[in-house]
>>> print(open('data06.txt').read())   # compact mmCIF, C-alpha atoms
# COMPACT_ATOMS: atom_id res chain seq x y z
CA MET Y 1057 46.01 -102.24 -10.50
CA ALA Y 1058 42.76 -100.41 -9.84
CA THR Y 1059 40.97 -101.15 -6.60
CA ALA Y 1060 37.26 -101.02 -5.93
CA PHE Y 1061 35.84 -98.24 -3.80
CA SER Y 1062 35.60 -99.29 -0.19
CA PRO Y 1063 33.86 -97.28 2.54
CA THR Y 1064 36.13 -99.03 5.04
CA LYS Y 1065 39.24 -97.88 3.20
CA LEU Y 1066 37.88 -94.35 3.00
CA THR Y 1067 37.22 -94.28 6.72
CA ALA Y 1068 40.72 -95.54 7.42
CA THR Y 1069 42.21 -92.86 5.19
CA VAL Y 1070 40.27 -90.07 6.86
CA SER Y 1071 41.10 -91.41 10.31
CA SER Y 1072 44.81 -91.42 9.50
CA LEU Y 1073 44.68 -87.67 8.93
CA HIS Y 1074 44.07 -87.26 12.64
CA GLY Y 1075 46.49 -89.95 13.74
CA SER Y 1076 49.99 -89.67 15.11
CA GLN Y 1077 52.34 -86.77 14.49
CA GLU Y 1078 54.44 -89.11 12.35
CA ASN Y 1079 51.46 -89.82 10.09
CA ARG Y 1080 50.62 -86.13 9.76
CA LEU Y 1081 54.14 -85.16 8.78
CA SER Y 1082 54.14 -87.74 6.00
CA LEU Y 1083 51.20 -86.07 4.26
CA PRO Y 1084 51.79 -83.92 1.15
CA ILE Y 1085 50.41 -80.93 3.07
CA ARG Y 1086 51.42 -80.28 6.65
CA LEU Y 1087 48.77 -78.34 8.53
CA ALA Y 1088 49.46 -75.79 11.20
CA PRO Y 1089 48.21 -76.31 14.76
CA PRO Y 1090 44.55 -75.48 15.47
CA SER Y 1091 43.90 -71.78 15.92
CA SER Y 1092 41.51 -69.66 17.92
CA PHE Y 1093 39.45 -69.01 14.83
CA LEU Y 1094 36.16 -67.45 13.93
CA GLY Y 1095 34.59 -65.79 16.90
CA SER Y 1096 36.49 -67.69 19.56
CA THR Y 1097 36.94 -65.90 22.88
CA ARG Y 1098 40.64 -66.83 22.86
CA SER Y 1099 43.05 -64.34 21.34
CA LEU Y 1100 45.09 -65.10 18.24
CA SER Y 1101 48.28 -66.93 19.11
CA LEU Y 1102 51.61 -65.36 18.24
CA HIS Y 1103 53.67 -68.51 17.82
CA SER Y 1104 56.74 -68.39 15.60
CA SER Y 1105 56.07 -69.63 12.09
CA PRO Y 1106 58.11 -70.02 8.89
CA LYS Y 1107 58.40 -66.90 6.80
CA LEU Y 1108 56.49 -66.83 3.56
CA ASN Y 1109 59.61 -66.78 1.44
CA HIS Y 1110 60.89 -69.88 3.19
CA VAL Y 1111 57.85 -71.90 2.15
CA ASN Y 1112 58.74 -74.34 -0.59
CA VAL Y 1113 56.20 -74.00 -3.38
CA SER Y 1114 57.79 -76.56 -5.68
CA ARG Y 1115 55.20 -78.89 -7.19
CA ARG Y 1116 57.40 -81.89 -6.32
CA SER Y 1117 57.95 -81.02 -2.68
CA PRO Y 1118 55.69 -80.79 0.36
CA VAL Y 1119 53.87 -77.49 0.81
CA VAL Y 1120 53.67 -76.08 4.30
CA GLY Y 1121 50.63 -74.04 5.24
CA VAL Y 1122 51.43 -71.39 7.82
CA GLN Y 1123 48.61 -70.21 10.01
CA GLU Y 1124 50.12 -66.86 10.93
CA VAL Y 1125 53.32 -65.29 9.69
CA VAL Y 1126 55.16 -63.62 12.52
CA LYS Y 1127 58.58 -62.02 12.28
CA GLN Y 1128 61.38 -63.38 14.41
CA LYS Y 1129 61.08 -61.99 17.90
CA LYS Y 1130 62.34 -58.44 17.96
CA PRO Y 1131 64.03 -56.68 20.86
CA THR Y 1132 61.49 -55.17 23.21
CA ASN Y 1133 62.57 -51.64 22.31
CA SER Y 1134 62.10 -52.08 18.55
CA LEU Y 1135 59.14 -50.54 16.74
CA LEU Y 1136 57.14 -52.10 13.94
CA ILE Y 1137 56.78 -48.82 12.01
CA THR Y 1138 58.28 -45.37 11.81
CA LYS Y 1139 56.38 -42.26 12.82
CA GLU Y 1140 55.80 -41.33 9.16
CA GLU Y 1141 54.47 -44.79 8.35
CA GLY Y 1142 52.22 -44.79 11.41
CA LEU Y 1143 50.68 -41.43 10.57
CA GLU Y 1144 50.12 -42.50 6.96
CA LEU Y 1145 48.33 -45.67 8.09
CA TYR Y 1146 46.23 -43.74 10.61
CA GLU Y 1147 45.22 -41.09 8.08
CA ASP Y 1148 44.21 -43.71 5.52
CA MET Y 1149 42.12 -45.65 8.03
CA ILE Y 1150 40.45 -42.47 9.32
CA LEU Y 1151 39.68 -41.49 5.72
CA GLY Y 1152 38.02 -44.85 5.09
CA ARG Y 1153 35.94 -44.72 8.27
CA SER Y 1154 34.87 -41.08 7.94
CA PHE Y 1155 34.03 -41.48 4.27
CA GLU Y 1156 31.81 -44.49 4.93
CA ASP Y 1157 30.07 -42.78 7.84
CA MET Y 1158 29.29 -39.87 5.53
CA CYS Y 1159 28.00 -42.29 2.88
CA ALA Y 1160 25.48 -43.60 5.40
CA GLN Y 1161 24.25 -40.06 6.04
CA MET Y 1162 23.97 -39.26 2.33
CA TYR Y 1163 22.21 -42.54 1.58
CA TYR Y 1164 19.52 -41.90 4.18
CA ARG Y 1165 19.13 -38.35 2.89
CA GLY Y 1166 18.35 -39.70 -0.57
CA LYS Y 1167 21.58 -38.64 -2.26
CA MET Y 1168 22.55 -42.22 -3.20
CA PHE Y 1169 20.50 -45.01 -4.71
CA GLY Y 1170 20.72 -48.77 -5.05
CA PHE Y 1171 22.70 -50.94 -2.67
CA VAL Y 1172 25.55 -49.33 -0.74
CA HIS Y 1173 27.89 -51.65 1.16
CA LEU Y 1174 30.09 -50.00 3.80
CA TYR Y 1175 33.55 -51.05 4.96
CA ASN Y 1176 33.47 -49.94 8.61
CA GLY Y 1177 35.59 -52.26 10.76
CA GLN Y 1178 37.66 -53.73 7.94
CA GLU Y 1179 40.00 -50.75 7.39
CA ALA Y 1180 43.11 -52.59 8.61
CA VAL Y 1181 42.94 -54.93 5.61
CA SER Y 1182 42.71 -52.28 2.90
CA THR Y 1183 45.29 -50.01 4.51
CA GLY Y 1184 47.63 -52.85 5.48
CA PHE Y 1185 47.91 -54.07 1.90
CA ILE Y 1186 47.28 -51.15 -0.44
CA LYS Y 1187 49.56 -48.62 1.25
CA LEU Y 1188 52.49 -50.94 0.42
CA LEU Y 1189 51.70 -50.87 -3.31
CA THR Y 1190 53.00 -48.59 -6.04
CA LYS Y 1191 50.80 -46.64 -8.43
CA THR Y 1192 51.41 -49.19 -11.22
CA ASP Y 1193 50.37 -52.15 -9.04
CA SER Y 1194 46.76 -53.23 -9.53
CA VAL Y 1195 43.87 -53.68 -7.11
CA VAL Y 1196 40.65 -55.57 -7.80
CA SER Y 1197 37.78 -55.21 -5.37
CA THR Y 1198 34.22 -56.33 -4.65
CA TYR Y 1199 30.91 -54.51 -4.16
CA ARG Y 1200 32.41 -53.18 -0.87
CA ASP Y 1201 34.92 -51.12 -2.81
CA HIS Y 1202 34.85 -47.45 -1.76
CA VAL Y 1203 37.72 -47.71 0.72
CA HIS Y 1204 39.91 -49.84 -1.57
CA ALA Y 1205 39.61 -47.06 -4.16
CA LEU Y 1206 40.48 -44.38 -1.59
CA SER Y 1207 43.49 -46.34 -0.33
CA LYS Y 1208 44.72 -46.74 -3.91
CA GLY Y 1209 44.69 -42.97 -4.38
CA VAL Y 1210 41.36 -42.26 -6.07
CA SER Y 1211 40.22 -38.91 -4.68
CA ALA Y 1212 37.37 -38.61 -2.19
CA ARG Y 1213 35.75 -36.20 -4.67
CA ALA Y 1214 35.76 -38.78 -7.47
CA VAL Y 1215 34.44 -41.59 -5.28
CA MET Y 1216 31.70 -39.48 -3.67
CA SER Y 1217 30.64 -38.09 -7.06
CA GLU Y 1218 30.37 -41.61 -8.40
CA LEU Y 1219 28.14 -42.54 -5.49
CA PHE Y 1220 25.99 -39.50 -6.27
CA GLY Y 1221 25.76 -40.59 -9.91
CA LYS Y 1222 27.48 -37.43 -11.17
CA VAL Y 1223 29.57 -36.92 -14.28
CA THR Y 1224 32.60 -35.99 -12.14
CA GLY Y 1225 32.67 -39.49 -10.62
CA CYS Y 1226 35.52 -41.90 -11.35
CA CYS Y 1227 33.18 -43.74 -13.78
CA ARG Y 1228 31.34 -40.59 -14.91
CA GLY Y 1229 28.38 -41.54 -12.76
CA GLN Y 1230 27.64 -44.79 -14.57
CA GLY Y 1231 29.27 -47.25 -12.17
CA GLY Y 1232 27.83 -46.31 -8.82
CA SER Y 1233 28.68 -47.79 -5.45
CA MET Y 1234 29.70 -51.27 -6.58
CA HIS Y 1235 31.82 -50.40 -9.63
CA MET Y 1236 34.65 -48.06 -8.66
CA PHE Y 1237 37.25 -47.98 -11.44
CA SER Y 1238 40.24 -45.78 -12.18
CA LYS Y 1239 42.65 -46.49 -15.01
CA GLU Y 1240 44.98 -43.80 -13.69
CA HIS Y 1241 45.36 -45.55 -10.33
CA ASN Y 1242 45.13 -49.15 -11.63
CA MET Y 1243 41.99 -49.65 -9.59
CA LEU Y 1244 40.51 -52.29 -11.85
CA GLY Y 1245 37.02 -52.16 -10.50
CA GLY Y 1246 34.59 -53.21 -7.89
CA PHE Y 1247 32.41 -56.14 -8.95
CA ALA Y 1248 28.82 -56.63 -7.90
CA PHE Y 1249 28.75 -60.42 -8.32
CA ILE Y 1250 30.96 -62.33 -5.92
CA GLY Y 1251 34.00 -63.93 -7.51
CA GLU Y 1252 33.76 -61.80 -10.67
CA GLY Y 1253 36.89 -59.82 -9.90
CA ILE Y 1254 39.20 -62.79 -9.24
CA PRO Y 1255 39.65 -63.76 -12.92
CA VAL Y 1256 40.21 -60.08 -13.79
CA ALA Y 1257 42.92 -59.86 -11.12
CA THR Y 1258 44.50 -63.09 -12.37
CA GLY Y 1259 44.56 -61.64 -15.87
CA ALA Y 1260 46.22 -58.46 -14.61
CA ALA Y 1261 48.89 -60.56 -12.88
CA PHE Y 1262 49.41 -62.53 -16.10
CA THR Y 1263 49.92 -59.22 -17.92
CA SER Y 1264 52.74 -58.33 -15.51
CA LYS Y 1265 54.40 -61.71 -16.00
CA TYR Y 1266 54.03 -61.51 -19.80
CA LYS Y 1267 55.61 -58.03 -19.89
CA ARG Y 1268 58.50 -59.24 -17.78
CA GLU Y 1269 59.23 -62.64 -19.30
CA VAL Y 1270 58.07 -62.36 -22.92
CA LEU Y 1271 58.37 -58.67 -23.76
CA LYS Y 1272 61.49 -58.36 -21.56
CA GLN Y 1273 60.21 -55.20 -19.95
CA ASN Y 1274 61.32 -54.10 -16.51
CA CYS Y 1275 57.99 -54.90 -14.86
CA GLU Y 1276 57.67 -55.80 -11.18
CA ASP Y 1277 53.99 -54.91 -10.86
CA VAL Y 1278 51.84 -57.07 -8.61
CA THR Y 1279 48.09 -57.44 -8.27
CA VAL Y 1280 46.04 -57.68 -5.07
CA ALA Y 1281 42.60 -59.28 -5.33
CA PHE Y 1282 40.19 -58.62 -2.45
CA PHE Y 1283 37.13 -60.80 -1.87
CA GLY Y 1284 35.08 -62.20 0.99
CA ASP Y 1285 34.59 -65.54 2.70
CA GLY Y 1286 31.38 -66.18 0.76
CA THR Y 1287 33.32 -66.10 -2.50
CA CYS Y 1288 35.61 -68.92 -1.42
CA ASN Y 1289 33.00 -71.56 -2.19
CA ASN Y 1290 32.73 -70.39 -5.81
CA GLY Y 1291 34.40 -71.93 -8.82
CA GLN Y 1292 36.31 -68.86 -10.03
CA PHE Y 1293 38.27 -68.85 -6.77
CA TYR Y 1294 39.59 -72.39 -7.25
CA GLU Y 1295 40.22 -72.04 -10.97
CA CYS Y 1296 42.27 -68.89 -10.46
CA LEU Y 1297 44.24 -70.31 -7.52
CA ASN Y 1298 45.21 -73.19 -9.79
CA MET Y 1299 46.18 -70.96 -12.72
CA ALA Y 1300 48.11 -68.51 -10.54
CA ALA Y 1301 50.10 -71.29 -8.88
CA LEU Y 1302 50.71 -73.12 -12.16
CA TRP Y 1303 52.12 -70.01 -13.87
CA LYS Y 1304 53.62 -68.45 -10.69
CA LEU Y 1305 51.70 -65.22 -11.22
CA PRO Y 1306 52.52 -62.10 -9.13
CA ILE Y 1307 49.21 -61.94 -7.29
CA ILE Y 1308 48.05 -61.90 -3.68
CA PHE Y 1309 44.59 -63.31 -3.02
CA VAL Y 1310 43.22 -61.50 0.05
CA VAL Y 1311 40.20 -63.03 1.74
CA GLU Y 1312 38.41 -60.46 3.89
CA ASN Y 1313 36.72 -63.02 6.10
CA ASN Y 1314 34.18 -60.96 8.04
CA LEU Y 1315 32.47 -64.22 9.10
CA TRP Y 1316 29.18 -63.48 7.34
CA ALA Y 1317 28.08 -63.78 3.71
CA ILE Y 1318 25.10 -61.40 3.89
CA GLY Y 1319 23.11 -63.34 6.52
CA MET Y 1320 24.85 -66.71 6.19
CA SER Y 1321 27.40 -67.58 8.86
CA HIS Y 1322 30.71 -68.69 7.41
CA LEU Y 1323 30.70 -71.70 9.75
CA ARG Y 1324 27.46 -72.96 8.21
CA ALA Y 1325 28.47 -72.41 4.60
CA THR Y 1326 31.78 -74.21 4.17
CA SER Y 1327 33.11 -77.67 5.00
CA ASP Y 1328 36.40 -76.27 6.34
CA PRO Y 1329 36.18 -72.72 7.71
CA GLU Y 1330 39.96 -72.20 7.63
CA ILE Y 1331 40.24 -70.74 4.14
CA TRP Y 1332 44.02 -70.25 4.29
CA LYS Y 1333 44.46 -74.03 4.01
CA LYS Y 1334 43.31 -73.89 0.40
CA GLY Y 1335 46.56 -72.14 -0.57
CA PRO Y 1336 48.89 -75.06 0.14
CA ALA Y 1337 46.44 -77.38 -1.63
CA PHE Y 1338 47.27 -75.52 -4.85
CA GLY Y 1339 50.99 -75.14 -4.18
CA MET Y 1340 51.15 -71.67 -2.68
CA PRO Y 1341 51.59 -70.37 0.88
CA GLY Y 1342 48.39 -69.94 2.88
CA VAL Y 1343 48.36 -67.45 5.74
CA HIS Y 1344 45.82 -66.61 8.42
CA VAL Y 1345 46.22 -63.22 10.07
CA ASP Y 1346 44.34 -61.04 12.52
CA GLY Y 1347 42.55 -58.65 10.16
CA MET Y 1348 41.69 -56.26 12.99
CA ASP Y 1349 45.37 -55.36 13.46
CA VAL Y 1350 46.82 -53.22 10.67
CA LEU Y 1351 50.41 -53.90 11.77
CA LYS Y 1352 49.98 -57.67 11.56
CA VAL Y 1353 48.24 -57.34 8.20
CA ARG Y 1354 51.02 -55.08 6.94
CA ASP Y 1355 53.68 -57.53 8.14
CA VAL Y 1356 52.12 -60.39 6.17
CA ALA Y 1357 51.45 -58.15 3.18
CA LYS Y 1358 55.11 -57.10 2.99
CA GLU Y 1359 56.24 -60.71 2.63
CA ALA Y 1360 53.53 -61.63 0.14
CA VAL Y 1361 54.19 -58.57 -2.06
CA THR Y 1362 57.95 -59.16 -1.92
CA ARG Y 1363 57.50 -62.79 -2.97
CA ALA Y 1364 55.34 -61.72 -5.90
CA ARG Y 1365 57.85 -59.08 -7.05
CA ARG Y 1366 60.67 -61.63 -6.89
CA GLY Y 1367 58.75 -63.90 -9.24
CA GLU Y 1368 58.03 -66.50 -6.56
CA GLY Y 1369 54.33 -66.64 -7.30
CA PRO Y 1370 51.03 -66.10 -5.49
CA THR Y 1371 50.02 -66.11 -1.84
CA LEU Y 1372 46.61 -66.68 -0.26
CA VAL Y 1373 46.06 -64.49 2.81
CA GLU Y 1374 42.99 -64.89 5.00
CA CYS Y 1375 42.33 -61.81 7.11
CA GLU Y 1376 39.87 -62.51 9.90
CA THR Y 1377 37.96 -59.26 10.25
CA TYR Y 1378 34.46 -57.97 10.98
CA ARG Y 1379 32.09 -55.41 9.50
CA PHE Y 1380 30.54 -53.01 11.99
CA ARG Y 1381 27.39 -52.41 9.93
CA GLY Y 1382 24.88 -54.61 8.16
CA HIS Y 1383 25.67 -56.23 4.81
CA SER Y 1384 24.40 -53.09 3.10
CA LEU Y 1385 22.60 -49.96 4.24
CA ALA Y 1386 19.35 -51.76 3.43
CA ASP Y 1387 20.19 -54.52 5.94
CA PRO Y 1388 18.81 -54.03 9.48
CA ASP Y 1389 21.56 -56.37 10.76
CA GLU Y 1390 19.30 -58.45 13.00
CA LEU Y 1391 20.87 -61.87 12.36
CA ARG Y 1392 24.23 -61.44 14.05
CA ASP Y 1393 24.50 -62.00 17.78
CA ALA Y 1394 24.85 -58.82 19.85
CA ALA Y 1395 27.67 -60.32 21.91
CA GLU Y 1396 29.61 -61.17 18.77
CA LYS Y 1397 29.22 -57.62 17.45
CA ALA Y 1398 30.29 -56.15 20.78
CA LYS Y 1399 33.35 -58.39 20.93
CA TYR Y 1400 34.66 -57.17 17.58
CA ALA Y 1401 33.64 -53.55 18.20
CA ALA Y 1402 35.93 -53.63 21.24
CA ARG Y 1403 38.78 -54.56 18.86
CA ASP Y 1404 38.27 -51.57 16.57
CA PRO Y 1405 41.39 -51.49 14.31
CA ILE Y 1406 41.60 -47.68 14.35
CA THR Y 1407 41.48 -47.53 18.14
CA ALA Y 1408 44.16 -50.24 18.30
CA LEU Y 1409 46.50 -48.32 15.96
CA LYS Y 1410 45.91 -45.09 17.85
CA LYS Y 1411 46.86 -46.82 21.10
CA TYR Y 1412 50.04 -48.22 19.54
CA LEU Y 1413 51.09 -44.82 18.19
CA THR Y 1414 50.55 -42.98 21.47
CA GLU Y 1415 51.97 -45.67 23.78
CA ASN Y 1416 55.14 -45.89 21.68
CA LYS Y 1417 55.40 -42.09 21.46
CA LEU Y 1418 55.16 -42.11 17.67
CA ALA Y 1419 52.37 -39.52 17.79
CA ASN Y 1420 50.59 -37.44 20.36
CA GLU Y 1421 46.89 -36.72 20.75
CA ALA Y 1422 47.17 -33.33 19.08
CA GLU Y 1423 48.75 -34.80 15.93
CA LEU Y 1424 46.07 -37.44 15.63
CA LYS Y 1425 43.30 -34.89 16.23
CA SER Y 1426 44.80 -32.77 13.47
CA ILE Y 1427 44.58 -35.70 11.05
CA GLU Y 1428 40.96 -36.36 12.04
CA LYS Y 1429 40.05 -32.69 11.49
CA LYS Y 1430 41.80 -32.68 8.10
CA ILE Y 1431 39.88 -35.77 6.99
CA ASP Y 1432 36.53 -34.43 8.22
CA GLU Y 1433 37.06 -31.32 6.13
CA LEU Y 1434 38.15 -33.39 3.12
CA VAL Y 1435 35.03 -35.56 3.27
CA GLU Y 1436 32.72 -32.57 3.77
CA GLU Y 1437 34.29 -30.89 0.75
CA ALA Y 1438 33.85 -34.08 -1.30
CA VAL Y 1439 30.12 -34.05 -0.52
CA GLU Y 1440 29.80 -30.40 -1.51
CA PHE Y 1441 31.67 -31.06 -4.74
CA ALA Y 1442 29.56 -34.11 -5.61
CA ASP Y 1443 26.31 -32.35 -4.81
CA ALA Y 1444 27.21 -29.38 -7.04
CA SER Y 1445 28.44 -31.55 -9.92
CA PRO Y 1446 26.23 -32.03 -13.03
CA GLN Y 1447 24.25 -35.12 -13.91
CA PRO Y 1448 25.47 -37.13 -16.91
CA GLY Y 1449 23.95 -36.04 -20.22
CA ARG Y 1450 21.48 -38.18 -22.15
CA SER Y 1451 24.05 -38.84 -24.85
CA GLN Y 1452 26.20 -40.69 -22.31
CA LEU Y 1453 23.54 -43.35 -21.73
CA LEU Y 1454 24.52 -45.63 -24.60
CA GLU Y 1455 28.25 -44.89 -24.73
CA ASN Y 1456 30.63 -47.80 -24.31
CA VAL Y 1457 27.96 -50.29 -25.34
CA PHE Y 1458 29.33 -53.06 -27.56
CA ALA Y 1459 26.18 -53.59 -29.63
CA ASP Y 1460 22.95 -51.67 -30.05
CA PRO Y 1461 20.52 -53.45 -32.39
CA LYS Y 1462 17.83 -51.39 -34.13
CA GLY Y 1463 14.61 -51.25 -32.20
CA PHE Y 1464 16.27 -51.28 -28.78
CA GLY Y 1465 18.37 -48.17 -28.32
CA ILE Y 1466 17.99 -46.84 -31.85
CA GLY Y 1467 14.66 -45.67 -33.20
CA PRO Y 1468 13.23 -46.26 -36.71
CA ASP Y 1469 14.74 -42.96 -37.82
CA GLY Y 1470 18.24 -44.22 -36.98
CA ARG Y 1471 18.70 -41.89 -34.02
CA TYR Y 1472 19.33 -42.93 -30.43
CA ARG Y 1473 16.03 -43.14 -28.56
CA CYS Y 1474 17.64 -41.40 -25.56
CA GLU Y 1475 17.98 -38.26 -27.68
CA ASP Y 1476 14.19 -38.00 -27.88
CA PRO Y 1477 12.96 -35.61 -25.15
CA LYS Y 1478 10.05 -37.99 -24.53
CA PHE Y 1479 12.42 -40.92 -23.85
CA THR Y 1480 12.01 -40.72 -20.06
CA GLU Y 1481 8.39 -39.63 -20.10
CA GLY Y 1482 6.39 -41.50 -17.48
CA THR Y 1483 9.43 -42.63 -15.51
CA ALA Y 1484 10.40 -41.44 -12.04
CA GLN Y 1485 12.44 -38.26 -12.11
CA VAL Y 1486 15.36 -38.51 -9.67
>>> encode(input="data06.txt", output="structure tokens")
Amino acid sequence: MATAFSPTKLTATVSSLHGSQENRLSLPIRLAPPSSFLGSTRSLSLHSSPKLNHVNVSRRSPVVGVQEVVKQKKPTNSLLITKEEGLELYEDMILGRSFEDMCAQMYYRGKMFGFVHLYNGQEAVSTGFIKLLTKTDSVVSTYRDHVHALSKGVSARAVMSELFGKVTGCCRGQGGSMHMFSKEHNMLGGFAFIGEGIPVATGAAFTSKYKREVLKQNCEDVTVAFFGDGTCNNGQFYECLNMAALWKLPIIFVVENNLWAIGMSHLRATSDPEIWKKGPAFGMPGVHVDGMDVLKVRDVAKEAVTRARRGEGPTLVECETYRFRGHSLADPDELRDAAEKAKYAARDPITALKKYLTENKLANEAELKSIEKKIDELVEEAVEFADASPQPGRSQLLENVFADPKGFGIGPDGRYRCEDPKFTEGTAQV
């Protein structure tokens, strides 16, 4: 029998959510204890939590949201990574940082145009996830996509050339900063509009499942979708969480929560700032992890990727991180509090990894300096290559266009207007 809406009943229902422990455990979703979240001065807690693959994602059973996935306590003499793994992580993070620093220089020298969004400070997230993937796994990014492409194996030459708008770029100079794509590396693109990449990533994950279950191919490919906290209030996010959970798609949704959506604080923009909780609401594990620690990110990523390969479905991972520069190179970064910026700068993920490697005698200062020198030379060479590369030809302008009605790109004589030498007359020459 239907009952009328009652404000009193609603209040009672909401109040019960914060009632006794017994009441909380009877809810369909059991929430983790409060965390030191979003700019708190307290450090992230390292309490023991259920492993991802122990979380029951059955639609008929309770779903447990885990705040932070931590391995069972290891002996004090055990290491989280081998020397080879540590050096690989360090090299990838140094590549990301050095490349982005060089981008800033080139942008201010007039070598790049449009909006350029840098990844400084967030390297632990890209490296922690992507270096666990195979070449046939897919990555979908955002407008802050240079480092995701580099981590996935796209060469520094190809990325830098794309930023310079040169024909040797990974998109032949037509994509630019926000649209890195490489079919060879299954880098399925950066996307300028927030949320745009999530449906693409969901489709890629569906492709893997279809190959495996319908075409009976030996396919264990997974997809990782990266996006920011600002995207998590958009419809595509919720629609794709639902679809991925419903069909148990092999996808990991990675929220790079850097606390700011351009100039809007995450705390002011969402009713519940703990994004990881939205995973259990759709029937998948939700995890919150320290995104400034590559080893913690990698630990969570291992479990999420393994679950996806086993056919156990999606995972939502919220990485709490921070960007060390403004939203883009056109942003003077005057809105964020200086103390907040200093707090996160002191937790630089590269410095933290370097400390771990040296303190645990996995690498010495000379080895790390050698990596830094190698990357500096690689990035310098990428700039030289991009600068010397040719501009795209006029004939490339209207390639890959689905429709070109007469009178727009085609002149009365039936020829492309761009083929007319006077086509760019009166426009700025770059």
>>> residues_around(input="data06.txt", residues="Gly1246 (chain Y)", least_positions_apart="6", cutoff="9 Å", atoms="only C-alpha atoms", output="list in words")
Val1196, Ser1197, Thr1198, Tyr1199, Arg1200, Asp1201, His1202, His1204, Ala1205, Ser1233, Met1234, His1235, Met1236, Phe1237 and Gly1253 of chain Y
>>> residues_around(input="data06.txt", residues="Leu1409 (chain Y)", least_positions_apart="2", cutoff="10 Å", atoms="all atoms listed in the file", output="PyMOL selection string")
chain Y and resi 1142-1143+1145-1146+1149+1180+1348-1351+1404-1407+1411-1415
>>> residues_around(input="data06.txt", residues="region 1259-1269 of chain Y", least_positions_apart="2", cutoff="9 Å", atoms="only C-alpha atoms", output="list in words")
Ser1194, Leu1244, Ile1254, Pro1255, Val1256, Ala1257, Leu1271, Lys1272, Gln1273, Asn1274, Cys1275, Glu1276, Asp1277, Val1278, Thr1279, Val1280, Ala1300, Trp1303, Lys1304, Leu1305, Pro1306, Ile1307 and Gly1367 of chain Y
>>> write_last_selection(input="data06.txt", atoms="C-alpha atoms", output="PDB file, keeping the file's coordinate frame")
ATOM      1  CA  SER Y1194      46.760 -53.230  -9.530  1.00  0.00           C
ATOM      2  CA  LEU Y1244      40.510 -52.290 -11.850  1.00  0.00           C
ATOM      3  CA  ILE Y1254      39.200 -62.790  -9.240  1.00  0.00           C
ATOM      4  CA  PRO Y1255      39.650 -63.760 -12.920  1.00  0.00           C
ATOM      5  CA  VAL Y1256      40.210 -60.080 -13.790  1.00  0.00           C
ATOM      6  CA  ALA Y1257      42.920 -59.860 -11.120  1.00  0.00           C
ATOM      7  CA  LEU Y1271      58.370 -58.670 -23.760  1.00  0.00           C
ATOM      8  CA  LYS Y1272      61.490 -58.360 -21.560  1.00  0.00           C
ATOM      9  CA  GLN Y1273      60.210 -55.200 -19.950  1.00  0.00           C
ATOM     10  CA  ASN Y1274      61.320 -54.100 -16.510  1.00  0.00           C
ATOM     11  CA  CYS Y1275      57.990 -54.900 -14.860  1.00  0.00           C
ATOM     12  CA  GLU Y1276      57.670 -55.800 -11.180  1.00  0.00           C
ATOM     13  CA  ASP Y1277      53.990 -54.910 -10.860  1.00  0.00           C
ATOM     14  CA  VAL Y1278      51.840 -57.070  -8.610  1.00  0.00           C
ATOM     15  CA  THR Y1279      48.090 -57.440  -8.270  1.00  0.00           C
ATOM     16  CA  VAL Y1280      46.040 -57.680  -5.070  1.00  0.00           C
ATOM     17  CA  ALA Y1300      48.110 -68.510 -10.540  1.00  0.00           C
ATOM     18  CA  TRP Y1303      52.120 -70.010 -13.870  1.00  0.00           C
ATOM     19  CA  LYS Y1304      53.620 -68.450 -10.690  1.00  0.00           C
ATOM     20  CA  LEU Y1305      51.700 -65.220 -11.220  1.00  0.00           C
ATOM     21  CA  PRO Y1306      52.520 -62.100  -9.130  1.00  0.00           C
ATOM     22  CA  ILE Y1307      49.210 -61.940  -7.290  1.00  0.00           C
ATOM     23  CA  GLY Y1367      58.750 -63.900  -9.240  1.00  0.00           C
TER      24      GLY Y1367
END
>>> residues_around(input="data06.txt", residues="Val1345 (chain Y)", least_positions_apart="6", cutoff="7 Å", atoms="all atoms listed in the file", output="MDAnalysis selection string")
chainID Y and resid 1124 1352:1353 1374:1376
>>> atom_distance(input="data06.txt", atom1="CA of Phe1185 (chain Y)", atom2="CA of Gly1152 (chain Y)")
13.9 Å
>>> atom_distance(input="data06.txt", atom1="CA of Arg1363 (chain Y)", atom2="CA of Phe1282 (chain Y)")
17.8 Å
